[in-house]
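Reproduced below: run_34.csv, with CSV, C-alpha atoms.
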```csv
chain,number,residue,atom,x,y,z
A,1,MET,CA,19.1,-9.8,-20.9
A,2,ILE,CA,21.3,-12.2,-18.9
A,3,ARG,CA,18.4,-13.3,-16.7
A,4,ASP,CA,16.2,-13.9,-19.8
A,5,ILE,CA,18.0,-17.1,-20.8
A,6,THR,CA,15.8,-20.0,-19.6
A,7,ILE,CA,17.7,-23.0,-21.0
A,8,GLY,CA,19.2,-25.0,-18.2
A,9,GLN,CA,16.8,-23.7,-15.5
A,10,PHE,CA,14.3,-25.9,-13.6
A,11,TYR,CA,10.9,-24.5,-12.9
A,12,PRO,CA,9.5,-26.4,-9.8
A,13,VAL,CA,5.7,-27.0,-10.1
A,14,ASP,CA,3.4,-29.9,-9.8
A,15,SER,CA,2.3,-31.0,-13.3
A,16,ILE,CA,1.9,-34.2,-15.4
A,17,ILE,CA,4.8,-33.2,-17.5
A,18,HIS,CA,7.1,-32.8,-14.5
A,19,ILE,CA,6.4,-36.3,-13.2
A,20,LEU,CA,6.9,-38.0,-16.6
A,21,ASP,CA,9.9,-40.3,-17.1
A,22,ALA,CA,12.9,-38.2,-18.2
A,23,ARG,CA,13.6,-40.7,-21.0
A,24,ILE,CA,10.2,-39.9,-22.5
A,25,LYS,CA,10.9,-36.2,-22.4
A,26,ILE,CA,14.3,-36.5,-23.9
A,27,ILE,CA,13.1,-38.7,-26.8
A,28,ALA,CA,10.1,-36.4,-27.3
A,29,THR,CA,12.3,-33.3,-27.4
A,30,PHE,CA,14.6,-35.0,-29.9
A,31,ILE,CA,11.7,-35.9,-32.2
A,32,TYR,CA,10.2,-32.4,-31.8
A,33,ILE,CA,13.5,-30.9,-33.0
A,34,ILE,CA,13.6,-33.2,-36.0
A,35,SER,CA,10.0,-32.3,-36.9
A,36,LEU,CA,10.9,-28.6,-36.9
A,37,PHE,CA,13.6,-29.2,-39.5
A,38,ILE,CA,11.7,-31.5,-41.8
A,39,MET,CA,8.6,-29.2,-42.0
A,40,ASP,CA,8.6,-26.4,-44.5
A,41,SER,CA,5.0,-25.0,-44.5
A,42,PHE,CA,3.0,-22.8,-42.2
A,43,ILE,CA,0.2,-25.4,-42.0
A,44,ALA,CA,2.6,-28.0,-40.7
A,45,TYR,CA,4.0,-25.4,-38.2
A,46,GLY,CA,0.5,-24.7,-37.1
A,47,PHE,CA,0.2,-28.3,-36.0
A,48,VAL,CA,3.6,-28.0,-34.1
A,49,ILE,CA,2.4,-24.8,-32.4
A,50,LEU,CA,-0.8,-26.5,-31.3
A,51,ALA,CA,1.0,-29.5,-29.9
A,52,LEU,CA,3.6,-27.3,-28.1
A,53,ALA,CA,0.8,-25.1,-26.7
A,54,LEU,CA,-0.9,-28.2,-25.2
A,55,VAL,CA,2.3,-29.4,-23.6
A,56,ILE,CA,3.1,-26.0,-22.2
A,57,LYS,CA,-0.5,-25.8,-20.8
A,58,SER,CA,0.0,-29.3,-19.2
A,59,SER,CA,3.4,-28.3,-17.7
A,60,LYS,CA,1.9,-25.3,-15.8
A,61,VAL,CA,5.0,-23.3,-16.7
A,62,PRO,CA,3.9,-19.7,-17.3
A,63,LEU,CA,4.2,-18.8,-21.0
A,64,SER,CA,5.6,-15.4,-20.2
A,65,PHE,CA,8.5,-17.2,-18.4
A,66,MET,CA,9.2,-19.4,-21.4
A,67,LEU,CA,9.1,-16.5,-23.9
A,68,ARG,CA,11.8,-14.7,-21.9
A,69,GLY,CA,14.3,-17.0,-23.5
A,70,ILE,CA,13.5,-15.5,-26.9
A,71,LYS,CA,14.9,-12.1,-25.8
A,72,SER,CA,18.3,-13.6,-25.5
A,73,ILE,CA,18.4,-14.7,-29.2
A,74,PHE,CA,16.5,-11.7,-30.6
A,75,ILE,CA,19.7,-10.5,-32.5
A,76,ILE,CA,20.2,-14.0,-34.0
A,77,ILE,CA,16.5,-14.0,-35.1
A,78,LEU,CA,16.9,-10.7,-36.8
A,79,PHE,CA,20.2,-11.7,-38.4
A,80,THR,CA,18.5,-14.9,-39.7
A,81,ALA,CA,15.6,-12.9,-41.2
A,82,PHE,CA,18.1,-10.5,-42.8
A,83,LEU,CA,20.1,-13.3,-44.5
A,84,ASN,CA,17.0,-15.0,-45.9
A,85,VAL,CA,15.4,-11.8,-47.1
A,86,PHE,CA,18.4,-10.4,-48.9
A,87,THR,CA,20.0,-13.7,-50.2
A,88,THR,CA,17.0,-15.5,-51.6
A,89,THR,CA,16.4,-14.5,-55.2
A,90,GLU,CA,13.6,-16.9,-56.1
A,91,GLY,CA,10.0,-15.9,-56.3
A,92,ASN,CA,8.2,-12.6,-57.3
A,93,VAL,CA,10.2,-9.4,-56.8
A,94,ILE,CA,8.6,-7.2,-54.1
A,95,PHE,CA,11.2,-4.5,-53.9
A,96,LYS,CA,14.3,-3.7,-55.9
A,97,ALA,CA,16.8,-0.9,-55.5
A,98,GLY,CA,20.3,-1.2,-56.9
A,99,PHE,CA,21.8,-4.5,-55.7
A,100,ILE,CA,19.1,-5.0,-53.1
A,101,THR,CA,16.3,-7.3,-54.2
A,102,ILE,CA,13.5,-8.6,-51.9
A,103,THR,CA,11.4,-11.4,-53.2
A,104,SER,CA,8.2,-13.1,-52.0
A,105,LYS,CA,10.2,-16.3,-51.5
A,106,GLY,CA,12.8,-14.5,-49.4
A,107,VAL,CA,10.1,-13.0,-47.1
A,108,TYR,CA,8.5,-16.4,-46.8
A,109,MET,CA,11.8,-18.1,-45.9
A,110,ALA,CA,12.6,-15.3,-43.4
A,111,VAL,CA,9.3,-15.7,-41.5
A,112,LEU,CA,9.6,-19.5,-41.6
A,113,MET,CA,13.2,-19.6,-40.3
A,114,CYS,CA,12.4,-17.1,-37.5
A,115,LEU,CA,9.4,-19.2,-36.5
A,116,ARG,CA,11.6,-22.3,-36.5
A,117,LEU,CA,14.1,-20.7,-34.2
A,118,VAL,CA,11.4,-19.5,-31.7
A,119,LEU,CA,9.8,-22.9,-31.6
A,120,LEU,CA,13.2,-24.5,-31.2
A,121,ILE,CA,14.2,-22.4,-28.2
A,122,VAL,CA,10.8,-22.7,-26.5
A,123,GLY,CA,10.5,-26.5,-27.0
A,124,SER,CA,14.1,-27.1,-25.9
A,125,SER,CA,13.7,-25.0,-22.8
A,126,LEU,CA,10.6,-26.9,-21.8
A,127,MET,CA,12.6,-30.1,-21.2
A,128,THR,CA,15.0,-28.5,-18.8
A,129,LEU,CA,12.3,-26.5,-17.1
A,130,THR,CA,10.4,-29.6,-16.3
A,131,THR,CA,13.3,-32.0,-15.6
A,132,THR,CA,15.8,-31.9,-12.7
A,133,PRO,CA,19.5,-32.3,-13.5
A,134,ILE,CA,19.6,-35.7,-11.8
A,135,GLN,CA,16.7,-36.9,-13.9
A,136,LEU,CA,18.3,-35.6,-17.0
A,137,THR,CA,21.6,-37.4,-16.2
A,138,ASP,CA,19.8,-40.7,-15.5
A,139,GLY,CA,17.6,-40.4,-18.6
A,140,ILE,CA,20.6,-39.6,-21.0
A,141,GLU,CA,22.6,-42.5,-19.5
A,142,TYR,CA,19.7,-45.0,-19.9
A,143,ILE,CA,19.3,-43.9,-23.6
A,144,LEU,CA,23.0,-44.2,-24.3
A,145,ARG,CA,23.5,-47.5,-22.3
A,146,PRO,CA,23.4,-49.7,-25.4
A,147,LEU,CA,26.5,-47.9,-26.7
A,148,LYS,CA,28.5,-49.2,-23.7
A,149,LYS,CA,28.8,-52.5,-25.6
A,150,ILE,CA,31.1,-50.7,-28.1
A,151,GLY,CA,33.1,-48.9,-25.4
A,152,VAL,CA,31.2,-45.6,-25.3
A,153,PRO,CA,31.2,-44.1,-21.7
A,154,SER,CA,27.5,-43.4,-21.5
A,155,HIS,CA,27.5,-42.4,-17.8
A,156,GLU,CA,30.4,-40.0,-18.2
A,157,ILE,CA,28.8,-38.4,-21.4
A,158,ALA,CA,25.5,-38.0,-19.6
A,159,MET,CA,27.2,-36.4,-16.6
A,160,MET,CA,29.1,-33.9,-18.7
A,161,MET,CA,26.0,-32.9,-20.7
A,162,THR,CA,24.0,-32.4,-17.5
A,163,ILE,CA,26.8,-30.4,-15.7
A,164,ALA,CA,27.0,-28.2,-18.8
A,165,LEU,CA,23.3,-27.6,-18.8
A,166,ARG,CA,23.3,-27.0,-15.1
A,167,PHE,CA,26.1,-24.5,-15.3
A,168,ILE,CA,24.4,-22.3,-17.8
A,169,PRO,CA,22.1,-20.5,-15.3
A,170,ILE,CA,24.9,-20.4,-12.7
A,171,LEU,CA,27.3,-18.7,-15.1
A,172,LEU,CA,24.6,-16.3,-16.2
A,173,ASP,CA,23.9,-15.3,-12.7
A,174,GLU,CA,27.6,-14.9,-12.1
A,175,THR,CA,27.9,-12.7,-15.2
A,176,ASP,CA,25.0,-10.5,-14.0
A,177,LYS,CA,26.8,-10.0,-10.6
A,178,ILE,CA,30.1,-9.2,-12.3
A,179,MET,CA,28.4,-6.7,-14.7
A,180,LYS,CA,26.7,-4.9,-11.7
A,181,ALA,CA,29.9,-4.8,-9.8
A,182,GLN,CA,31.8,-3.3,-12.8
A,183,GLN,CA,29.0,-0.8,-13.4
A,184,ALA,CA,29.3,0.3,-9.7
A,185,ARG,CA,33.0,1.0,-10.4
A,186,GLY,CA,32.1,3.2,-13.4
A,187,ALA,CA,32.2,0.7,-16.3
A,188,ASP,CA,30.0,1.5,-19.3
A,189,PHE,CA,28.6,-1.4,-21.4
A,190,ASP,CA,25.9,0.4,-23.4
A,191,THR,CA,27.6,3.3,-25.2
A,192,GLY,CA,30.1,3.3,-28.0
A,193,ASN,CA,30.4,1.4,-31.3
A,194,ILE,CA,30.7,-2.4,-31.7
A,195,ILE,CA,34.5,-2.4,-31.2
A,196,GLN,CA,34.2,-0.3,-28.0
A,197,LYS,CA,31.4,-2.5,-26.6
A,198,ALA,CA,33.5,-5.6,-27.3
A,199,LYS,CA,36.5,-4.1,-25.5
A,200,SER,CA,34.3,-3.2,-22.6
A,201,LEU,CA,33.5,-6.9,-22.1
A,202,VAL,CA,37.1,-7.7,-21.1
A,203,PRO,CA,36.5,-6.7,-17.4
A,204,ILE,CA,33.6,-9.2,-17.5
A,205,LEU,CA,35.2,-12.1,-19.2
A,206,VAL,CA,38.4,-12.3,-17.1
A,207,PRO,CA,36.7,-12.6,-13.7
A,208,LEU,CA,34.0,-14.9,-15.3
A,209,PHE,CA,36.6,-17.3,-16.6
A,210,ILE,CA,38.3,-17.3,-13.2
A,211,SER,CA,35.0,-17.9,-11.5
A,212,ALA,CA,34.1,-20.8,-13.9
A,213,PHE,CA,37.5,-22.5,-13.3
A,214,ARG,CA,37.1,-22.1,-9.5
A,215,ARG,CA,33.6,-23.6,-9.6
A,216,ALA,CA,34.8,-26.5,-11.8
A,217,ASP,CA,37.7,-27.1,-9.3
A,218,GLU,CA,35.3,-27.0,-6.3
A,219,LEU,CA,32.9,-29.5,-8.1
A,220,ALA,CA,35.8,-31.9,-8.8
A,221,MET,CA,36.9,-31.7,-5.2
A,222,ALA,CA,33.4,-32.4,-4.0
A,223,MET,CA,33.0,-35.4,-6.3
A,224,GLU,CA,36.4,-36.8,-5.2
A,225,ALA,CA,35.5,-36.2,-1.5
A,226,ARG,CA,32.4,-38.4,-2.0
A,227,CYS,CA,34.4,-41.1,-3.7
A,228,TYR,CA,32.8,-40.6,-7.1
A,229,ASN,CA,34.3,-43.0,-9.7
A,230,GLY,CA,31.9,-42.9,-12.6
A,231,ALA,CA,29.5,-45.6,-13.5
A,232,GLU,CA,31.5,-48.6,-12.3
A,233,ASN,CA,29.4,-50.5,-9.6
A,234,ARG,CA,27.3,-47.4,-9.0
A,235,THR,CA,23.8,-47.6,-7.6
A,236,ARG,CA,21.0,-45.1,-7.5
A,237,MET,CA,18.6,-44.0,-4.9
A,238,ASN,CA,15.7,-43.8,-7.4
A,239,VAL,CA,15.7,-46.4,-10.1
A,240,MET,CA,13.8,-45.3,-13.2
A,241,HIS,CA,10.7,-47.3,-14.1
A,242,PHE,CA,8.0,-46.7,-16.7
A,243,GLN,CA,4.5,-46.0,-15.3
A,244,SER,CA,1.2,-46.2,-17.1
A,245,ARG,CA,1.3,-42.4,-17.7
A,246,ASP,CA,4.7,-42.8,-19.4
A,247,TYR,CA,3.3,-45.4,-21.8
A,248,LYS,CA,0.4,-43.1,-22.6
A,249,ALA,CA,2.9,-40.3,-23.2
A,250,LEU,CA,4.9,-42.6,-25.5
A,251,VAL,CA,1.8,-43.3,-27.6
A,252,VAL,CA,1.2,-39.5,-27.9
A,253,VAL,CA,4.8,-39.1,-29.1
A,254,ILE,CA,4.4,-41.8,-31.7
A,255,ILE,CA,1.2,-40.2,-32.9
A,256,TYR,CA,2.9,-36.8,-33.1
A,257,THR,CA,5.8,-38.4,-35.1
A,258,VAL,CA,3.5,-40.0,-37.6
A,259,LEU,CA,1.4,-36.9,-38.1
A,260,SER,CA,4.6,-34.8,-38.5
A,261,PHE,CA,5.8,-37.0,-41.4
A,262,VAL,CA,2.3,-37.1,-42.9
A,263,LEU,CA,2.0,-33.3,-42.9
A,264,ARG,CA,5.6,-33.0,-44.3
A,265,TYR,CA,4.7,-34.9,-47.4
A,266,ILE,CA,1.1,-33.6,-47.8
A,267,PHE,CA,2.0,-29.9,-47.5
```

Structure re-expressed in C-alpha cells:
Amino acid sequence: MIRDITIGQFYPVDSIIHILDARIKIIATFIYIISLFIMDSFIAYGFVILALALVIKSSKVPLSFMLRGIKSIFIIILFTAFLNVFTTTEGNVIFKAGFITITSKGVYMAVLMCLRLVLLIVGSSLMTLTTTPIQLTDGIEYILRPLKKIGVPSHEIAMMMTIALRFIPILLDETDKIMKAQQARGADFDTGNIIQKAKSLVPILVPLFISAFRRADELAMAMEARCYNGAENRTRMNVMHFQSRDYKALVVVIIYTVLSFVLRYIF
C-alpha cells in the first residue's frame, strides 16, 4: 500500500510531455482540476477521460503504474460513495429499509464523485511523474513572480511546495522500511479492531517523525553549506524559454478549456 502512492514521484522516460515547459504543465493541471469540479455529467467526464488518455499515451508512462495511486485512496473512494448513496434523498427510491433509503440520484452522485476522485489523482500524478522537482520549482516561481510586486516571496513558496512534493516518496519509502523492521521484531499491523490498529501505528510514527526531522535538518545544513540565500541575486543553470512545442501545447490547453465550459453548460 505504501509503495502504491505515485504523487511526488518522477518517472524518467523520453516523451513529448516530459520535455514540455513546466509552466505549461502546471497551468494545464490547474485547468484540468477546475474542469473536474465544474462538470456534472457523464458525457462531459467522457471528454475528460478521452483527453487524459491521450496525454497519458503521449507521456509514455505505463497506465498500470499510474493506477497504482488509486489503491492508496481506495478507502476514501468507498467512504465518498457511502456518503453520497446514504445522504442523498432526491430522485426515485431504489431501496428502502427503515431509516436507510437509496435513491437513483444518490447512486448517480456516488458514481460521479468516485469518478472525479480517480481522475483527480491520476491527472495530478501525471504532472509530478513527468516533471523533475527542479523544473517544478522554476515553473511555480515563474508563475508566482508577478506577486513579488506586492511582497509575496514567490521563490520561497515554490521551494517549499517542491520540497514537500519531493519528500512524499522519500517518507513513504522510510515508512515502508520502518514497518518491515517492526514486523521483523514481531509487530502486528493487520489484526485487531480499529483502535488496536491505531495503537499499533505508534511504533511507526515515532521513528518516522524522528527520521523526517533529521532529514529536514540535513537538508537545511546542505543548503547553508552551499550558501543558499533564497531568490536574491540567484541565477540558474537552465533558464526557461518557450519553444514552438510549448506554444502548440498552450493552444491545446486553451481548446480544452473552451470545450470544458461548453460541455458544462450544454450537458

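Residues in contact with segment 22-37 of chain A at 7 Å, where only C-alpha atoms are counted and same-chain residues fewer than 5 positions away are skipped, are listed as Arg116, Leu120, Ser124, Met127, Thr131, Gln135, Leu136, Gly139, Asp246, Leu250, Val253 and Ser260 of chain A.
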
key: 12 Å contact set for Val206 of chain A, all atoms listed in the file, chain neighbours under 5 positions out, as an MDAnalysis selection string   = chainID A and resid 175 178:179 182 199:201 211:213

query = Contacts of Ile43 of chain A at 10 Å or less, counting only C-alpha atoms, minus same-chain residues fewer than 3 places along, as a VMD selection string?
reply = chain A and resid 39 to 40 46 to 49 263 to 264 267

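For the set A:Val85, A:Ser154, A:Phe10, A:Leu20, the residue with the smallest atom-to-atom gap to Tyr247 of chain A is A:Leu20, counting only C-alpha atoms.
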
ask   = Using only C-alpha atoms, which residue out of A:Ala220, A:Val118, A:Val13, A:Ile134 lies closest to Val61 of chain A?
value = A:Val13

key: Near-Glu90 of chain A list (12 Å; all atoms listed in the file; drop same-chain fewer than 4 positions) as a list in words   = Asn84, Val85, Phe86, Ile94, Thr101, Ile102, Thr103, Ser104, Lys105, Gly106, Val107, Tyr108 and Met109 of chain A

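For the residues A:Ile73, A:Ala51, A:Ile204, A:Leu115, ranking by smallest atom-to-atom distance to Glu174 of chain A using only C-alpha atoms places A:Ile204 first.
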
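Picture a line from atom CA of Pro207 of chain A to atom CA of Phe167 of chain A; it runs 16.0 Å.
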
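The space between atom CA of Ile157 of chain A and atom CA of Ala216 of chain A spans 16.4 Å.
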
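With atom CA of His241 of chain A on one side and atom CA of Asp138 of chain A on the other, the separation reads 11.3 Å.
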
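The shortest atom-to-atom distance to Leu126 of chain A, with all atoms listed in the file taken into account, belongs to A:Val55 out of A:Val55, A:Ile140, A:Met223, A:Leu171.
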
Generate a file for segment 237-261 of chain A, containing N, CA and C atoms, as a compact mmCIF listing (two decimals), in the first residue's frame.
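Once everything was written out, this is part06.txt:
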```
# COMPACT_ATOMS: atom_id res chain seq x y z
N MET A 237 21.19 27.61 -13.92
CA MET A 237 21.95 26.96 -14.97
C MET A 237 21.12 26.85 -16.25
N ASN A 238 19.83 26.51 -16.11
CA ASN A 238 18.94 26.36 -17.26
C ASN A 238 17.81 27.36 -17.13
N VAL A 239 17.81 28.37 -17.99
CA VAL A 239 16.76 29.39 -18.00
C VAL A 239 15.60 28.88 -18.84
N MET A 240 14.39 29.04 -18.33
CA MET A 240 13.21 28.52 -19.02
C MET A 240 12.83 29.43 -20.18
N HIS A 241 12.64 28.82 -21.35
CA HIS A 241 12.20 29.53 -22.55
C HIS A 241 11.14 28.71 -23.25
N PHE A 242 10.11 29.38 -23.74
CA PHE A 242 9.08 28.69 -24.50
C PHE A 242 9.62 28.30 -25.87
N GLN A 243 9.36 27.03 -26.25
CA GLN A 243 9.69 26.55 -27.58
C GLN A 243 8.39 26.46 -28.39
N SER A 244 8.53 26.12 -29.66
CA SER A 244 7.35 26.01 -30.52
C SER A 244 6.38 24.95 -30.00
N ARG A 245 6.93 23.85 -29.46
CA ARG A 245 6.07 22.79 -28.93
C ARG A 245 5.27 23.28 -27.73
N ASP A 246 5.85 24.22 -26.96
CA ASP A 246 5.14 24.74 -25.79
C ASP A 246 3.97 25.62 -26.22
N TYR A 247 4.16 26.41 -27.29
CA TYR A 247 3.05 27.22 -27.79
C TYR A 247 1.94 26.34 -28.35
N LYS A 248 2.30 25.25 -29.01
CA LYS A 248 1.30 24.31 -29.51
C LYS A 248 0.52 23.67 -28.35
N ALA A 249 1.27 23.31 -27.29
CA ALA A 249 0.61 22.74 -26.11
C ALA A 249 -0.31 23.75 -25.45
N LEU A 250 0.08 25.03 -25.45
CA LEU A 250 -0.76 26.07 -24.88
C LEU A 250 -2.06 26.23 -25.66
N VAL A 251 -1.97 26.11 -26.98
CA VAL A 251 -3.18 26.17 -27.82
C VAL A 251 -4.11 25.00 -27.48
N VAL A 252 -3.53 23.81 -27.29
CA VAL A 252 -4.33 22.64 -26.92
C VAL A 252 -5.02 22.86 -25.57
N VAL A 253 -4.29 23.44 -24.62
CA VAL A 253 -4.87 23.72 -23.29
C VAL A 253 -6.03 24.71 -23.41
N ILE A 254 -5.88 25.73 -24.25
CA ILE A 254 -6.95 26.72 -24.44
C ILE A 254 -8.18 26.06 -25.07
N ILE A 255 -7.95 25.18 -26.06
CA ILE A 255 -9.06 24.47 -26.69
C ILE A 255 -9.77 23.59 -25.67
N TYR A 256 -8.99 22.90 -24.83
CA TYR A 256 -9.58 22.05 -23.79
C TYR A 256 -10.42 22.89 -22.82
N THR A 257 -9.92 24.06 -22.45
CA THR A 257 -10.65 24.93 -21.53
C THR A 257 -11.98 25.37 -22.11
N VAL A 258 -11.95 25.79 -23.37
CA VAL A 258 -13.18 26.25 -24.03
C VAL A 258 -14.20 25.11 -24.13
N LEU A 259 -13.73 23.93 -24.56
CA LEU A 259 -14.64 22.78 -24.69
C LEU A 259 -15.20 22.35 -23.34
N SER A 260 -14.40 22.48 -22.29
CA SER A 260 -14.88 22.11 -20.95
C SER A 260 -16.05 22.98 -20.52
N PHE A 261 -15.93 24.29 -20.74
CA PHE A 261 -17.02 25.19 -20.36
C PHE A 261 -18.23 25.01 -21.27
```
